[in-house]
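Shown next: protein-v3.pdb, given as PDB, N, CA and C atoms.
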```pdb
MODEL        1
ATOM      1  N   MET H  66      10.314-104.289-108.916
ATOM      2  CA  MET H  66      11.657-104.515-109.375
ATOM      3  C   MET H  66      11.720-104.492-110.888
ATOM      4  N   SER H  67      10.606-104.715-111.549
ATOM      5  CA  SER H  67      10.618-104.731-113.005
ATOM      6  C   SER H  67      10.888-103.335-113.570
ATOM      7  N   ARG H  68      10.549-102.282-112.847
ATOM      8  CA  ARG H  68      10.818-100.938-113.341
ATOM      9  C   ARG H  68      12.303-100.641-113.344
ATOM     10  N   VAL H  69      13.042-101.193-112.422
ATOM     11  CA  VAL H  69      14.462-100.921-112.316
ATOM     12  C   VAL H  69      15.220-101.546-113.472
ATOM     13  N   SER H  70      14.886-102.754-113.843
ATOM     14  CA  SER H  70      15.622-103.458-114.879
ATOM     15  C   SER H  70      15.107-103.165-116.289
ATOM     16  N   ARG H  71      14.055-102.391-116.414
ATOM     17  CA  ARG H  71      13.476-102.107-117.715
ATOM     18  C   ARG H  71      14.364-101.145-118.503
ATOM     19  N   SER H  72      14.545-101.418-119.762
ATOM     20  CA  SER H  72      15.360-100.579-120.630
ATOM     21  C   SER H  72      14.532 -99.400-121.119
ATOM     22  N   THR H  73      15.206 -98.281-121.420
ATOM     23  CA  THR H  73      14.503 -97.104-121.925
ATOM     24  C   THR H  73      14.248 -97.191-123.416
ATOM     25  N   GLY H  74      14.700 -98.225-124.049
ATOM     26  CA  GLY H  74      14.422 -98.397-125.469
ATOM     27  C   GLY H  74      15.289 -97.546-126.364
ATOM     28  N   GLY H  75      16.434 -97.118-125.907
ATOM     29  CA  GLY H  75      17.327 -96.342-126.739
ATOM     30  C   GLY H  75      16.995 -94.861-126.798
ATOM     31  N   ARG H  76      15.968 -94.420-126.089
ATOM     32  CA  ARG H  76      15.640 -93.001-126.092
ATOM     33  C   ARG H  76      16.603 -92.260-125.177
ATOM     34  N   PRO H  77      17.046 -91.088-125.600
ATOM     35  CA  PRO H  77      17.907 -90.316-124.707
ATOM     36  C   PRO H  77      17.091 -89.786-123.527
ATOM     37  N   SER H  78      17.703 -89.746-122.367
ATOM     38  CA  SER H  78      16.971 -89.259-121.198
ATOM     39  C   SER H  78      16.829 -87.748-121.285
ATOM     40  N   ARG H  79      15.685 -87.263-120.855
ATOM     41  CA  ARG H  79      15.401 -85.832-120.850
ATOM     42  C   ARG H  79      15.189 -85.388-119.416
ATOM     43  N   PHE H  80      15.409 -84.110-119.197
ATOM     44  CA  PHE H  80      15.133 -83.547-117.887
ATOM     45  C   PHE H  80      13.635 -83.315-117.794
ATOM     46  N   ARG H  81      13.010 -83.921-116.825
ATOM     47  CA  ARG H  81      11.567 -83.803-116.658
ATOM     48  C   ARG H  81      11.259 -83.317-115.260
ATOM     49  N   LEU H  82      10.361 -82.360-115.179
ATOM     50  CA  LEU H  82       9.928 -81.889-113.872
ATOM     51  C   LEU H  82       8.859 -82.788-113.285
ATOM     52  N   ASN H  83       8.123 -83.496-114.132
ATOM     53  CA  ASN H  83       7.048 -84.369-113.669
ATOM     54  C   ASN H  83       7.543 -85.809-113.600
ATOM     55  N   SER H  84       8.501 -86.050-112.745
ATOM     56  CA  SER H  84       9.094 -87.378-112.677
ATOM     57  C   SER H  84       8.184 -88.410-112.022
ATOM     58  N   ASP H  85       7.120 -87.963-111.381
ATOM     59  CA  ASP H  85       6.205 -88.912-110.745
ATOM     60  C   ASP H  85       5.079 -89.347-111.682
ATOM     61  N   GLY H  86       5.056 -88.830-112.914
ATOM     62  CA  GLY H  86       4.052 -89.245-113.885
ATOM     63  C   GLY H  86       2.782 -88.414-113.874
ATOM     64  N   ARG H  87       2.646 -87.508-112.932
ATOM     65  CA  ARG H  87       1.467 -86.640-112.881
ATOM     66  C   ARG H  87       1.860 -85.231-113.277
ATOM     67  N   ARG H  88       0.873 -84.474-113.734
ATOM     68  CA  ARG H  88       1.127 -83.098-114.138
ATOM     69  C   ARG H  88       1.070 -82.178-112.923
ATOM     70  N   HIS H  89       1.994 -81.211-112.897
ATOM     71  CA  HIS H  89       2.027 -80.196-111.849
ATOM     72  C   HIS H  89       2.299 -78.850-112.512
ATOM     73  N   PRO H  90       1.328 -78.304-113.247
ATOM     74  CA  PRO H  90       1.617 -77.085-114.014
ATOM     75  C   PRO H  90       1.954 -75.877-113.140
ATOM     76  N   VAL H  91       1.267 -75.696-112.038
ATOM     77  CA  VAL H  91       1.533 -74.535-111.186
ATOM     78  C   VAL H  91       2.911 -74.656-110.540
ATOM     79  N   GLU H  92       3.224 -75.830-110.025
ATOM     80  CA  GLU H  92       4.510 -76.037-109.385
ATOM     81  C   GLU H  92       5.661 -75.904-110.379
ATOM     82  N   ASN H  93       5.457 -76.385-111.603
ATOM     83  CA  ASN H  93       6.491 -76.266-112.631
ATOM     84  C   ASN H  93       6.747 -74.811-112.989
ATOM     85  N   VAL H  94       5.686 -74.045-113.146
ATOM     86  CA  VAL H  94       5.837 -72.624-113.484
ATOM     87  C   VAL H  94       6.537 -71.889-112.349
ATOM     88  N   LEU H  95       6.152 -72.174-111.114
ATOM     89  CA  LEU H  95       6.803 -71.531-109.970
ATOM     90  C   LEU H  95       8.293 -71.860-109.926
ATOM     91  N   SER H  96       8.648 -73.090-110.198
ATOM     92  CA  SER H  96      10.060 -73.480-110.186
ATOM     93  C   SER H  96      10.850 -72.771-111.276
ATOM     94  N   VAL H  97      10.294 -72.693-112.462
ATOM     95  CA  VAL H  97      10.991 -72.047-113.574
ATOM     96  C   VAL H  97      11.095 -70.539-113.340
ATOM     97  N   VAL H  98      10.041 -69.918-112.827
ATOM     98  CA  VAL H  98      10.078 -68.481-112.537
ATOM     99  C   VAL H  98      11.117 -68.190-111.451
ATOM    100  N   THR H  99      11.185 -69.029-110.446
ATOM    101  CA  THR H  99      12.200 -68.863-109.404
ATOM    102  C   THR H  99      13.591 -68.936-109.996
ATOM    103  N   LEU H 100      13.827 -69.905-110.861
ATOM    104  CA  LEU H 100      15.130 -70.054-111.488
ATOM    105  C   LEU H 100      15.468 -68.848-112.359
ATOM    106  N   VAL H 101      14.527 -68.380-113.152
ATOM    107  CA  VAL H 101      14.776 -67.234-114.037
ATOM    108  C   VAL H 101      15.044 -65.970-113.227
ATOM    109  N   CYS H 102      14.238 -65.711-112.204
ATOM    110  CA  CYS H 102      14.472 -64.539-111.349
ATOM    111  C   CYS H 102      15.841 -64.625-110.693
ATOM    112  N   GLY H 103      16.198 -65.799-110.219
ATOM    113  CA  GLY H 103      17.494 -65.973-109.587
ATOM    114  C   GLY H 103      18.647 -65.763-110.544
ATOM    115  N   LEU H 104      18.528 -66.279-111.745
ATOM    116  CA  LEU H 104      19.609 -66.122-112.717
ATOM    117  C   LEU H 104      19.767 -64.668-113.157
ATOM    118  N   VAL H 105      18.647 -63.968-113.365
ATOM    119  CA  VAL H 105      18.732 -62.552-113.743
ATOM    120  C   VAL H 105      19.315 -61.733-112.589
ATOM    121  N   ALA H 106      18.886 -62.028-111.362
ATOM    122  CA  ALA H 106      19.436 -61.320-110.202
ATOM    123  C   ALA H 106      20.923 -61.609-110.054
ATOM    124  N   PHE H 107      21.329 -62.841-110.307
ATOM    125  CA  PHE H 107      22.742 -63.200-110.195
ATOM    126  C   PHE H 107      23.575 -62.512-111.263
ATOM    127  N   VAL H 108      23.069 -62.436-112.484
ATOM    128  CA  VAL H 108      23.797 -61.764-113.558
ATOM    129  C   VAL H 108      23.919 -60.270-113.262
ATOM    130  N   SER H 109      22.919 -59.690-112.635
ATOM    131  CA  SER H 109      22.977 -58.263-112.317
ATOM    132  C   SER H 109      24.023 -57.948-111.254
ATOM    133  N   VAL H 110      24.529 -58.961-110.568
ATOM    134  CA  VAL H 110      25.622 -58.766-109.607
ATOM    135  C   VAL H 110      26.840 -58.185-110.310
ATOM    136  N   PHE H 111      27.079 -58.594-111.537
ATOM    137  CA  PHE H 111      28.253 -58.174-112.273
ATOM    138  C   PHE H 111      28.093 -56.804-112.927
ATOM    139  N   ILE H 112      26.910 -56.197-112.805
ATOM    140  CA  ILE H 112      26.638 -54.877-113.354
ATOM    141  C   ILE H 112      26.172 -53.997-112.190
ATOM    142  N   PRO H 113      27.079 -53.246-111.567
ATOM    143  CA  PRO H 113      26.695 -52.471-110.392
ATOM    144  C   PRO H 113      25.573 -51.465-110.657
ATOM    145  N   GLY H 114      25.428 -50.996-111.884
ATOM    146  CA  GLY H 114      24.352 -50.060-112.207
ATOM    147  C   GLY H 114      22.982 -50.711-112.229
ATOM    148  N   ALA H 115      22.943 -52.025-112.242
ATOM    149  CA  ALA H 115      21.671 -52.754-112.257
ATOM    150  C   ALA H 115      21.313 -53.261-110.865
ATOM    151  N   HIS H 116      21.731 -52.529-109.841
ATOM    152  CA  HIS H 116      21.497 -52.989-108.474
ATOM    153  C   HIS H 116      20.021 -53.048-108.121
ATOM    154  N   ALA H 117      19.219 -52.141-108.679
ATOM    155  CA  ALA H 117      17.777 -52.158-108.364
ATOM    156  C   ALA H 117      17.113 -53.398-108.966
ATOM    157  N   VAL H 118      17.501 -53.742-110.182
ATOM    158  CA  VAL H 118      16.949 -54.942-110.815
ATOM    159  C   VAL H 118      17.334 -56.180-110.019
ATOM    160  N   GLY H 119      18.592 -56.257-109.630
ATOM    161  CA  GLY H 119      19.059 -57.398-108.860
ATOM    162  C   GLY H 119      18.389 -57.503-107.511
ATOM    163  N   ALA H 120      18.196 -56.356-106.852
ATOM    164  CA  ALA H 120      17.568 -56.371-105.532
ATOM    165  C   ALA H 120      16.104 -56.797-105.620
ATOM    166  N   TRP H 121      15.365 -56.223-106.572
ATOM    167  CA  TRP H 121      13.935 -56.559-106.669
ATOM    168  C   TRP H 121      13.717 -57.985-107.160
ATOM    169  N   LEU H 122      14.398 -58.361-108.237
ATOM    170  CA  LEU H 122      14.212 -59.728-108.738
ATOM    171  C   LEU H 122      14.759 -60.761-107.773
ATOM    172  N   GLY H 123      15.813 -60.412-107.055
ATOM    173  CA  GLY H 123      16.325 -61.312-106.036
ATOM    174  C   GLY H 123      15.329 -61.528-104.919
ATOM    175  N   THR H 124      14.664 -60.453-104.519
ATOM    176  CA  THR H 124      13.642 -60.572-103.470
ATOM    177  C   THR H 124      12.458 -61.401-103.949
ATOM    178  N   VAL H 125      11.996 -61.117-105.151
ATOM    179  CA  VAL H 125      10.863 -61.877-105.709
ATOM    180  C   VAL H 125      11.242 -63.344-105.877
ATOM    181  N   GLY H 126      12.438 -63.597-106.391
ATOM    182  CA  GLY H 126      12.889 -64.969-106.574
ATOM    183  C   GLY H 126      13.076 -65.704-105.261
ATOM    184  N   PHE H 127      13.572 -65.006-104.247
ATOM    185  CA  PHE H 127      13.805 -65.647-102.957
ATOM    186  C   PHE H 127      12.486 -65.996-102.274
ATOM    187  N   VAL H 128      11.586 -65.033-102.183
ATOM    188  CA  VAL H 128      10.294 -65.285-101.527
ATOM    189  C   VAL H 128       9.458 -66.277-102.338
ATOM    190  N   GLY H 129       9.416 -66.077-103.659
ATOM    191  CA  GLY H 129       8.681 -67.016-104.510
ATOM    192  C   GLY H 129       9.280 -68.405-104.483
ATOM    193  N   GLY H 130      10.601 -68.474-104.392
ATOM    194  CA  GLY H 130      11.270 -69.767-104.328
ATOM    195  C   GLY H 130      10.977 -70.511-103.035
ATOM    196  N   LEU H 131      10.892 -69.775-101.933
ATOM    197  CA  LEU H 131      10.543 -70.428-100.674
ATOM    198  C   LEU H 131       9.128 -71.006-100.734
ATOM    199  N   TYR H 132       8.195 -70.246-101.320
ATOM    200  CA  TYR H 132       6.834 -70.773-101.466
ATOM    201  C   TYR H 132       6.816 -71.948-102.439
ATOM    202  N   SER H 133       7.556 -71.817-103.532
ATOM    203  CA  SER H 133       7.614 -72.898-104.511
ATOM    204  C   SER H 133       8.210 -74.158-103.902
ATOM    205  N   GLN H 134       9.203 -73.992-103.048
ATOM    206  CA  GLN H 134       9.791 -75.144-102.367
ATOM    207  C   GLN H 134       8.766 -75.799-101.450
ATOM    208  N   TYR H 135       7.931 -74.988-100.829
ATOM    209  CA  TYR H 135       6.912 -75.498 -99.917
ATOM    210  C   TYR H 135       5.874 -76.354-100.648
ATOM    211  N   VAL H 136       5.486 -75.950-101.862
ATOM    212  CA  VAL H 136       4.428 -76.664-102.578
ATOM    213  C   VAL H 136       4.958 -77.631-103.631
ATOM    214  N   SER H 137       6.278 -77.746-103.783
ATOM    215  CA  SER H 137       6.835 -78.600-104.831
ATOM    216  C   SER H 137       6.470 -80.059-104.610
ATOM    217  N   ALA H 138       6.389 -80.792-105.724
ATOM    218  CA  ALA H 138       5.943 -82.182-105.666
ATOM    219  C   ALA H 138       7.018 -83.180-106.063
ATOM    220  N   THR H 139       8.024 -82.742-106.811
ATOM    221  CA  THR H 139       9.037 -83.689-107.280
ATOM    222  C   THR H 139      10.437 -83.187-106.930
ATOM    223  N   THR H 140      11.387 -84.077-107.010
ATOM    224  CA  THR H 140      12.775 -83.739-106.706
ATOM    225  C   THR H 140      13.346 -82.768-107.729
ATOM    226  N   ALA H 141      12.966 -82.897-108.980
ATOM    227  CA  ALA H 141      13.468 -81.984-110.018
ATOM    228  C   ALA H 141      13.003 -80.554-109.751
ATOM    229  N   GLU H 142      11.763 -80.378-109.334
ATOM    230  CA  GLU H 142      11.267 -79.049-108.986
ATOM    231  C   GLU H 142      12.046 -78.489-107.804
ATOM    232  N   ARG H 143      12.303 -79.323-106.819
ATOM    233  CA  ARG H 143      13.045 -78.875-105.640
ATOM    234  C   ARG H 143      14.467 -78.477-105.997
ATOM    235  N   SER H 144      15.070 -79.183-106.927
ATOM    236  CA  SER H 144      16.425 -78.841-107.356
ATOM    237  C   SER H 144      16.460 -77.478-108.027
ATOM    238  N   LEU H 145      15.521 -77.220-108.917
ATOM    239  CA  LEU H 145      15.447 -75.904-109.555
ATOM    240  C   LEU H 145      15.190 -74.818-108.523
ATOM    241  N   ASN H 146      14.344 -75.119-107.556
ATOM    242  CA  ASN H 146      14.034 -74.134-106.519
ATOM    243  C   ASN H 146      15.276 -73.750-105.731
ATOM    244  N   ILE H 147      16.068 -74.724-105.344
ATOM    245  CA  ILE H 147      17.258 -74.439-104.546
ATOM    246  C   ILE H 147      18.256 -73.603-105.332
ATOM    247  N   VAL H 148      18.473 -73.933-106.592
ATOM    248  CA  VAL H 148      19.386 -73.142-107.421
ATOM    249  C   VAL H 148      18.858 -71.714-107.553
ATOM    250  N   GLY H 149      17.558 -71.565-107.787
ATOM    251  CA  GLY H 149      16.962 -70.238-107.907
ATOM    252  C   GLY H 149      17.005 -69.450-106.617
ATOM    253  N   ILE H 150      16.767 -70.106-105.488
ATOM    254  CA  ILE H 150      16.789 -69.420-104.190
ATOM    255  C   ILE H 150      18.195 -68.926-103.873
ATOM    256  N   VAL H 151      19.196 -69.749-104.093
ATOM    257  CA  VAL H 151      20.575 -69.343-103.798
ATOM    258  C   VAL H 151      21.003 -68.193-104.720
ATOM    259  N   ALA H 152      20.697 -68.305-106.011
ATOM    260  CA  ALA H 152      21.052 -67.236-106.948
ATOM    261  C   ALA H 152      20.308 -65.949-106.601
ATOM    262  N   SER H 153      19.058 -66.062-106.188
ATOM    263  CA  SER H 153      18.288 -64.886-105.795
ATOM    264  C   SER H 153      18.878 -64.232-104.558
ATOM    265  N   PHE H 154      19.290 -65.050-103.607
ATOM    266  CA  PHE H 154      19.884 -64.496-102.393
ATOM    267  C   PHE H 154      21.171 -63.742-102.704
ATOM    268  N   VAL H 155      22.006 -64.315-103.540
ATOM    269  CA  VAL H 155      23.244 -63.632-103.921
ATOM    270  C   VAL H 155      22.918 -62.339-104.658
ATOM    271  N   GLY H 156      21.928 -62.379-105.554
ATOM    272  CA  GLY H 156      21.541 -61.185-106.297
ATOM    273  C   GLY H 156      21.002 -60.088-105.404
ATOM    274  N   VAL H 157      20.147 -60.434-104.450
ATOM    275  CA  VAL H 157      19.593 -59.412-103.573
ATOM    276  C   VAL H 157      20.658 -58.888-102.619
ATOM    277  N   ALA H 158      21.554 -59.726-102.161
ATOM    278  CA  ALA H 158      22.609 -59.267-101.255
ATOM    279  C   ALA H 158      23.530 -58.262-101.950
ATOM    280  N   PHE H 159      23.974 -58.589-103.151
ATOM    281  CA  PHE H 159      24.832 -57.661-103.867
ATOM    282  C   PHE H 159      24.058 -56.452-104.378
ATOM    283  N   GLY H 160      22.785 -56.627-104.689
ATOM    284  CA  GLY H 160      21.968 -55.483-105.089
ATOM    285  C   GLY H 160      21.841 -54.471-103.970
ATOM    286  N   ILE H 161      21.649 -54.944-102.759
ATOM    287  CA  ILE H 161      21.583 -54.042-101.611
ATOM    288  C   ILE H 161      22.958 -53.414-101.359
ATOM    289  N   TYR H 162      24.004 -54.209-101.488
ATOM    290  CA  TYR H 162      25.360 -53.689-101.286
ATOM    291  C   TYR H 162      25.693 -52.583-102.277
ATOM    292  N   HIS H 163      25.283 -52.745-103.529
ATOM    293  CA  HIS H 163      25.624 -51.764-104.564
ATOM    294  C   HIS H 163      24.720 -50.539-104.574
ATOM    295  N   GLY H 164      23.648 -50.525-103.796
ATOM    296  CA  GLY H 164      22.840 -49.303-103.792
ATOM    297  C   GLY H 164      21.410 -49.481-103.371
ATOM    298  N   GLY H 165      20.955 -50.674-103.199
ATOM    299  CA  GLY H 165      19.608 -50.875-102.692
ATOM    300  C   GLY H 165      18.551 -51.095-103.755
ATOM    301  N   PHE H 166      17.315 -50.885-103.322
ATOM    302  CA  PHE H 166      16.170 -51.200-104.170
ATOM    303  C   PHE H 166      15.800 -50.096-105.160
ATOM    304  N   TYR H 167      16.270 -48.908-104.949
ATOM    305  CA  TYR H 167      15.891 -47.791-105.813
ATOM    306  C   TYR H 167      17.125 -47.186-106.462
ATOM    307  N   PRO H 168      17.018 -46.820-107.744
ATOM    308  CA  PRO H 168      18.188 -46.278-108.463
ATOM    309  C   PRO H 168      18.655 -44.923-107.956
TER     310      PRO H 168
ENDMDL
END
```

Rewrite the structure from the file as structure tokens, please.
Amino acid sequence: MSRVSRSTGGRPSRFRLNSDGRRHPVENVLSVVTLVCGLVAFVSVFIPGAHAVGAWLGTVGFVGGLYSQYVSATTAERSLNIVGIVASFVGVAFGIYHGGFYP
């Protein structure tokens, strides 16, 4: 109970992937890569000429995100994974709709 009532000492809270106090370098990298692939795939939705980029990065982000979700250790990693997986799915779906995997 002492952890709950303890003050942070005036420090601003930061977003941390290692909320359990241990290091998870592989899981952190997988989560960030999933998020980046998903965001790039999602942005390519708005550029129909970039359908191949969206389809490939969406596929990589979706499959990598599922594996990253499987091995994730903290809630923050899981949150990034879900955002990346959903963005990747939207990117790959629209990438296939606009022309598929090859230009």

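Of the residues under consideration (H:Gly114, H:Ser133, H:Ser109, H:Gly126), H:Ser133 shows the shortest atom-to-atom contact distance to H:Asn93 when counting only C-alpha atoms.
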
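When the distance limit is 6.5 Å and all atoms listed in the file are what count, the residues near H:Val148, minus those fewer than 5 positions from it on the same chain, are Thr99, Leu100, Gly103, Arg143 and Ser153 of chain H.
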
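Picture a line from atom CA of H:Ser96 to atom C of H:Ala117; it runs 21.3 Å.
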
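When the PyMOL selection byres (((chain H and resi 80-89 and name CA) around 12) and name CA) is run on the displayed coordinates, the residues it returns are Pro77, Ser78, Arg79, Pro90, Val91, Glu92, Asn93, Val94, Leu95, Ser96, Val97, Ser133, Val136, Ser137, Ala138, Thr139, Thr140, Ala141, Glu142, Arg143, Ser144, Leu145 and Asn146 of chain H.
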
Distance criterion (only C-alpha atoms): nearest to H:Gly165 out of H:Ala152, H:Gly129, H:Tyr135, H:Thr124: H:Thr124

Taking only chain H into account, list the residues labelled alpha helix (DSSP H) by DSSP (computed from the backbone), as a PyMOL selection string. chain H and resi 67-70+90-108+116-136+140-163

Which residues would end up in the selection if the PyMOL selection byres ((chain H and resi 154) around 8) were applied here, given that I need the answer as number ranges by chain? H: 102-103, 106-107, 122-124, 126-128, 148-153, 155-160

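Here atom CA of H:Gly164 and atom CA of H:Leu104 stand 19.3 Å from one another.
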
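Between atom CA of H:Gln134 and atom CA of H:Phe166 lies a distance of 24.8 Å.
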
Supply stretch 106-116 of chain H as a PDB file, in the coordinates of the input, with all heavy atoms built in where the input has gaps.
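Heads up, here's the output in out16.pdb:
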```pdb
ATOM      1  N   ALA H 106      18.886 -62.028-111.362  1.00  0.00           N
ATOM      2  CA  ALA H 106      19.436 -61.320-110.202  1.00  0.00           C
ATOM      3  C   ALA H 106      20.923 -61.609-110.054  1.00  0.00           C
ATOM      4  O   ALA H 106      21.712 -60.716-109.723  1.00  0.00           O
ATOM      5  CB  ALA H 106      18.681 -61.719-108.942  1.00  0.00           C
ATOM      6  N   PHE H 107      21.329 -62.841-110.307  1.00  0.00           N
ATOM      7  CA  PHE H 107      22.742 -63.200-110.195  1.00  0.00           C
ATOM      8  C   PHE H 107      23.575 -62.512-111.263  1.00  0.00           C
ATOM      9  O   PHE H 107      24.679 -62.046-110.991  1.00  0.00           O
ATOM     10  CB  PHE H 107      22.916 -64.718-110.282  1.00  0.00           C
ATOM     11  CG  PHE H 107      24.330 -65.162-110.073  1.00  0.00           C
ATOM     12  CD1 PHE H 107      24.855 -65.202-108.800  1.00  0.00           C
ATOM     13  CD2 PHE H 107      25.120 -65.529-111.141  1.00  0.00           C
ATOM     14  CE1 PHE H 107      26.175 -65.603-108.590  1.00  0.00           C
ATOM     15  CE2 PHE H 107      26.430 -65.919-110.948  1.00  0.00           C
ATOM     16  CZ  PHE H 107      26.956 -65.959-109.671  1.00  0.00           C
ATOM     17  N   VAL H 108      23.069 -62.436-112.484  1.00  0.00           N
ATOM     18  CA  VAL H 108      23.797 -61.764-113.558  1.00  0.00           C
ATOM     19  C   VAL H 108      23.919 -60.270-113.262  1.00  0.00           C
ATOM     20  O   VAL H 108      24.939 -59.646-113.570  1.00  0.00           O
ATOM     21  CB  VAL H 108      23.112 -62.022-114.916  1.00  0.00           C
ATOM     22  CG1 VAL H 108      23.646 -61.110-116.002  1.00  0.00           C
ATOM     23  CG2 VAL H 108      23.292 -63.472-115.325  1.00  0.00           C
ATOM     24  N   SER H 109      22.919 -59.690-112.635  1.00  0.00           N
ATOM     25  CA  SER H 109      22.977 -58.263-112.317  1.00  0.00           C
ATOM     26  C   SER H 109      24.023 -57.948-111.254  1.00  0.00           C
ATOM     27  O   SER H 109      24.375 -56.789-111.063  1.00  0.00           O
ATOM     28  CB  SER H 109      21.602 -57.759-111.870  1.00  0.00           C
ATOM     29  OG  SER H 109      21.297 -58.250-110.592  1.00  0.00           O
ATOM     30  N   VAL H 110      24.529 -58.961-110.568  1.00  0.00           N
ATOM     31  CA  VAL H 110      25.622 -58.766-109.607  1.00  0.00           C
ATOM     32  C   VAL H 110      26.840 -58.185-110.310  1.00  0.00           C
ATOM     33  O   VAL H 110      27.563 -57.360-109.754  1.00  0.00           O
ATOM     34  CB  VAL H 110      25.965 -60.114-108.930  1.00  0.00           C
ATOM     35  CG1 VAL H 110      27.309 -60.065-108.236  1.00  0.00           C
ATOM     36  CG2 VAL H 110      24.883 -60.511-107.965  1.00  0.00           C
ATOM     37  N   PHE H 111      27.079 -58.594-111.537  1.00  0.00           N
ATOM     38  CA  PHE H 111      28.253 -58.174-112.273  1.00  0.00           C
ATOM     39  C   PHE H 111      28.093 -56.804-112.927  1.00  0.00           C
ATOM     40  O   PHE H 111      29.031 -56.294-113.534  1.00  0.00           O
ATOM     41  CB  PHE H 111      28.608 -59.228-113.327  1.00  0.00           C
ATOM     42  CG  PHE H 111      28.873 -60.575-112.709  1.00  0.00           C
ATOM     43  CD1 PHE H 111      27.956 -61.609-112.834  1.00  0.00           C
ATOM     44  CD2 PHE H 111      30.015 -60.789-111.969  1.00  0.00           C
ATOM     45  CE1 PHE H 111      28.185 -62.839-112.255  1.00  0.00           C
ATOM     46  CE2 PHE H 111      30.256 -62.023-111.379  1.00  0.00           C
ATOM     47  CZ  PHE H 111      29.345 -63.041-111.519  1.00  0.00           C
ATOM     48  N   ILE H 112      26.910 -56.197-112.805  1.00  0.00           N
ATOM     49  CA  ILE H 112      26.638 -54.877-113.354  1.00  0.00           C
ATOM     50  C   ILE H 112      26.172 -53.997-112.190  1.00  0.00           C
ATOM     51  O   ILE H 112      24.987 -54.002-111.840  1.00  0.00           O
ATOM     52  CB  ILE H 112      25.542 -54.942-114.445  1.00  0.00           C
ATOM     53  CG1 ILE H 112      25.895 -55.997-115.484  1.00  0.00           C
ATOM     54  CG2 ILE H 112      25.347 -53.580-115.091  1.00  0.00           C
ATOM     55  CD1 ILE H 112      24.751 -56.353-116.402  1.00  0.00           C
ATOM     56  N   PRO H 113      27.079 -53.246-111.567  1.00  0.00           N
ATOM     57  CA  PRO H 113      26.695 -52.471-110.392  1.00  0.00           C
ATOM     58  C   PRO H 113      25.573 -51.465-110.657  1.00  0.00           C
ATOM     59  O   PRO H 113      24.809 -51.139-109.756  1.00  0.00           O
ATOM     60  CB  PRO H 113      27.977 -51.745-110.000  1.00  0.00           C
ATOM     61  CG  PRO H 113      29.079 -52.583-110.545  1.00  0.00           C
ATOM     62  CD  PRO H 113      28.528 -53.181-111.804  1.00  0.00           C
ATOM     63  N   GLY H 114      25.428 -50.996-111.884  1.00  0.00           N
ATOM     64  CA  GLY H 114      24.352 -50.060-112.207  1.00  0.00           C
ATOM     65  C   GLY H 114      22.982 -50.711-112.229  1.00  0.00           C
ATOM     66  O   GLY H 114      21.961 -50.029-112.216  1.00  0.00           O
ATOM     67  N   ALA H 115      22.943 -52.025-112.242  1.00  0.00           N
ATOM     68  CA  ALA H 115      21.671 -52.754-112.257  1.00  0.00           C
ATOM     69  C   ALA H 115      21.313 -53.261-110.865  1.00  0.00           C
ATOM     70  O   ALA H 115      20.642 -54.273-110.725  1.00  0.00           O
ATOM     71  CB  ALA H 115      21.749 -53.913-113.242  1.00  0.00           C
ATOM     72  N   HIS H 116      21.731 -52.529-109.841  1.00  0.00           N
ATOM     73  CA  HIS H 116      21.497 -52.989-108.474  1.00  0.00           C
ATOM     74  C   HIS H 116      20.021 -53.048-108.121  1.00  0.00           C
ATOM     75  O   HIS H 116      19.598 -53.931-107.379  1.00  0.00           O
ATOM     76  CB  HIS H 116      22.242 -52.108-107.475  1.00  0.00           C
ATOM     77  CG  HIS H 116      21.823 -50.678-107.492  1.00  0.00           C
ATOM     78  ND1 HIS H 116      20.754 -50.207-106.762  1.00  0.00           N
ATOM     79  CD2 HIS H 116      22.341 -49.622-108.154  1.00  0.00           C
ATOM     80  CE1 HIS H 116      20.635 -48.907-106.971  1.00  0.00           C
ATOM     81  NE2 HIS H 116      21.582 -48.533-107.821  1.00  0.00           N
TER      82      HIS H 116
END
```
